[in-house]
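Text of the file data_12.csv, holding CSV, N, CA and C atoms and all ligand atoms:
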chain,number,residue,atom,x,y,z
N,1,MET,N,118.0,109.3,100.7
N,1,MET,CA,118.5,108.1,101.3
N,1,MET,C,118.3,106.9,100.3
N,2,GLU,N,119.1,105.9,100.5
N,2,GLU,CA,119.0,104.8,99.5
N,2,GLU,C,118.1,103.7,100.1
N,3,CYS,N,117.1,103.3,99.3
N,3,CYS,CA,116.2,102.3,99.7
N,3,CYS,C,116.9,100.9,99.8
N,4,PRO,N,116.8,100.3,101.0
N,4,PRO,CA,117.4,99.0,101.2
N,4,PRO,C,116.8,97.9,100.4
N,5,SER,N,115.6,98.1,99.9
N,5,SER,CA,115.0,97.0,99.2
N,5,SER,C,115.3,97.0,97.7
N,6,CYS,N,115.3,98.3,97.0
N,6,CYS,CA,115.6,98.3,95.6
N,6,CYS,C,116.8,99.1,95.3
N,7,ALA,N,117.5,99.7,96.3
N,7,ALA,CA,118.7,100.4,96.1
N,7,ALA,C,118.6,101.7,95.3
N,8,LEU,N,117.4,102.2,95.1
N,8,LEU,CA,117.2,103.4,94.4
N,8,LEU,C,117.2,104.6,95.4
N,9,GLU,N,117.4,105.8,94.9
N,9,GLU,CA,117.5,106.9,95.8
N,9,GLU,C,116.1,107.4,96.1
N,10,ALA,N,115.6,107.4,97.3
N,10,ALA,CA,114.3,107.9,97.7
N,10,ALA,C,114.5,109.2,98.5
N,11,PRO,N,113.5,110.1,98.5
N,11,PRO,CA,113.6,111.3,99.3
N,11,PRO,C,113.8,111.0,100.8
N,12,ASP,N,114.6,111.8,101.5
N,12,ASP,CA,115.0,111.6,102.9
N,12,ASP,C,113.8,111.5,103.8
N,13,ASP,N,112.7,112.3,103.5
N,13,ASP,CA,111.5,112.4,104.4
N,13,ASP,C,110.4,111.4,103.9
N,14,ALA,N,110.7,110.6,103.0
N,14,ALA,CA,109.7,109.6,102.5
N,14,ALA,C,109.4,108.5,103.5
N,15,GLU,N,108.2,108.2,103.7
N,15,GLU,CA,107.8,107.1,104.6
N,15,GLU,C,107.9,105.8,104.0
N,16,THR,N,107.6,105.8,102.7
N,16,THR,CA,107.7,104.5,101.9
N,16,THR,C,108.5,104.8,100.6
N,17,CYS,N,109.2,103.8,100.0
N,17,CYS,CA,109.9,104.0,98.8
N,17,CYS,C,108.9,104.3,97.7
N,18,PRO,N,109.2,105.3,96.8
N,18,PRO,CA,108.2,105.6,95.7
N,18,PRO,C,108.4,104.6,94.6
N,19,TYR,N,109.4,103.8,94.6
N,19,TYR,CA,109.7,102.8,93.5
N,19,TYR,C,109.1,101.4,93.8
N,20,CYS,N,109.5,101.0,95.0
N,20,CYS,CA,109.1,99.6,95.3
N,20,CYS,C,108.1,99.5,96.5
N,21,ASN,N,107.7,100.7,97.1
N,21,ASN,CA,106.8,100.7,98.2
N,21,ASN,C,107.3,100.2,99.5
N,22,TYR,N,108.6,100.0,99.6
N,22,TYR,CA,109.2,99.6,100.8
N,22,TYR,C,109.0,100.6,101.9
N,23,GLU,N,108.6,100.1,103.1
N,23,GLU,CA,108.3,100.9,104.2
N,23,GLU,C,109.5,101.2,105.1
N,24,PHE,N,110.0,102.4,105.1
N,24,PHE,CA,111.2,102.7,105.8
N,24,PHE,C,110.9,102.7,107.3
N,25,PRO,N,111.9,102.2,108.1
N,25,PRO,CA,111.7,102.2,109.6
N,25,PRO,C,111.7,103.6,110.1
N,26,ARG,N,110.9,103.9,111.1
N,26,ARG,CA,110.7,105.3,111.5
N,26,ARG,C,111.6,105.7,112.7
N,27,GLN,N,112.5,104.8,113.1
N,27,GLN,CA,113.2,105.0,114.3
N,27,GLN,C,114.6,105.7,114.1
N,28,LYS,N,114.8,106.0,112.8
N,28,LYS,CA,116.1,106.5,112.5
N,28,LYS,C,116.5,107.8,113.3
N,29,ARG,N,115.6,108.7,113.4
N,29,ARG,CA,115.8,110.0,114.1
N,29,ARG,C,116.1,109.8,115.5
N,30,SER,N,115.4,108.9,116.2
N,30,SER,CA,115.6,108.7,117.6
N,30,SER,C,116.9,108.0,117.9
N,31,VAL,N,117.3,107.1,117.0
N,31,VAL,CA,118.6,106.4,117.1
N,31,VAL,C,119.7,107.4,116.9
N,32,MET,N,119.6,108.4,116.0
N,32,MET,CA,120.6,109.4,115.8
N,32,MET,C,120.7,110.3,117.1
N,33,ALA,N,119.5,110.6,117.7
N,33,ALA,CA,119.5,111.4,118.9
N,33,ALA,C,120.2,110.7,120.0
N,34,MET,N,119.9,109.4,120.1
N,34,MET,CA,120.5,108.6,121.2
N,34,MET,C,122.0,108.5,121.0
N,35,ALA,N,122.5,108.4,119.7
N,35,ALA,CA,123.9,108.3,119.4
N,35,ALA,C,124.6,109.6,119.8
N,36,ILE,N,123.9,110.7,119.5
N,36,ILE,CA,124.5,112.0,119.9
N,36,ILE,C,124.7,112.2,121.4
N,37,VAL,N,123.6,111.7,122.1
N,37,VAL,CA,123.7,111.8,123.6
N,37,VAL,C,124.8,110.9,124.1
N,38,MET,N,124.9,109.7,123.6
N,38,MET,CA,126.0,108.8,124.0
N,38,MET,C,127.3,109.3,123.7
N,39,ALA,N,127.5,110.0,122.5
N,39,ALA,CA,128.8,110.6,122.1
N,39,ALA,C,129.1,111.7,123.1
N,40,LEU,N,128.2,112.5,123.5
N,40,LEU,CA,128.4,113.6,124.4
N,40,LEU,C,128.8,113.0,125.8
N,41,LEU,N,128.1,112.0,126.2
N,41,LEU,CA,128.5,111.4,127.5
N,41,LEU,C,129.9,110.8,127.5
N,42,LEU,N,130.3,110.2,126.4
N,42,LEU,CA,131.6,109.6,126.3
N,42,LEU,C,132.7,110.7,126.1
N,43,ALA,N,132.3,111.8,125.5
N,43,ALA,CA,133.2,112.9,125.3
N,43,ALA,C,133.5,113.7,126.5
N,44,TRP,N,132.5,113.8,127.4
N,44,TRP,CA,132.6,114.6,128.6
N,44,TRP,C,133.9,114.4,129.4
N,45,PRO,N,134.2,113.1,129.8
N,45,PRO,CA,135.4,112.9,130.6
N,45,PRO,C,136.7,113.4,129.8
N,46,VAL,N,136.7,113.3,128.5
N,46,VAL,CA,137.8,113.7,127.7
N,46,VAL,C,137.9,115.2,127.8
N,47,PHE,N,136.8,115.9,127.7
N,47,PHE,CA,136.9,117.4,127.8
N,47,PHE,C,137.4,117.8,129.2
N,48,LYS,N,137.0,117.1,130.2
N,48,LYS,CA,137.4,117.3,131.6
N,48,LYS,C,138.9,117.1,131.7
N,49,LEU,N,139.4,116.0,131.1
N,49,LEU,CA,140.8,115.7,131.1
N,49,LEU,C,141.7,116.8,130.4
N,50,ILE,N,141.2,117.2,129.2
N,50,ILE,CA,141.9,118.3,128.5
N,50,ILE,C,141.9,119.5,129.4
N,51,GLU,N,140.8,119.8,130.1
N,51,GLU,CA,140.8,121.0,131.0
N,51,GLU,C,141.8,120.9,132.1
N,52,LEU,N,142.0,119.6,132.6
N,52,LEU,CA,142.9,119.4,133.7
N,52,LEU,C,144.4,119.6,133.2
N,53,LEU,N,144.6,119.0,131.9
N,53,LEU,CA,145.9,119.0,131.4
N,53,LEU,C,146.4,120.4,131.0
N,54,THR,N,145.4,121.2,130.5
N,54,THR,CA,145.8,122.5,129.9
N,54,THR,C,145.6,123.6,131.0
N,55,GLY,N,145.0,123.2,132.1
N,55,GLY,CA,144.9,124.2,133.3
N,55,GLY,C,143.8,125.1,133.0
M,1,ZN,ZN,112.7,100.9,97.0
Once you've parsed the file, please lay out its structure as structure tokens.
Ligand SMILES: [Zn+2]
Amino acid sequence: MECPSCALEAPDDAETCPYCNYEFPRQKRSVMAMAIVMALLLAWPVFKLIELLTG
């Protein structure tokens, strides 16, 4: 991932940037999980509609 502080490439699992010691926010994973859940909830009516249209 790219460090927002120094714009250098840091390891994805790093807690802090090895170059500038920037502390990465830890909420990225839960935000991703929330986004996936939201996407599934939004997609569900679409799947139901396709099911209705295709029989
Ligand atoms: Zn950095």
- Query: Residues at most 6.5 Å from ligand ZN 1 (chain M), using only N, CA and C atoms and all ligand atoms? Could they come as an NGL selection string?
  - Reply: :N and (3-8 or 17-22)
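Atom pair atom N of N:Val37 / atom C of N:Pro25: separated by 18.7 Å.
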- Write out as an MDAnalysis selection string all residues of chain N that DSSP puts in strand (DSSP E or B) for this structure's backbone. chainID N and resid 2 9 16 23
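Atom pair atom N of N:Met1 / atom N of N:Asp13: separated by 6.7 Å.
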- Task: Could you tell me how far atom CA of N:Arg29 lies from atom C of N:Trp44, in Å and to one decimal?
- Result: 24.1 Å
- Task: Step one, run DSSP on the backbone; step two, keep only residues of chain N assigned to alpha helix (DSSP H); then write them as a ChimeraX atom specification.
- Result: /N:28-54
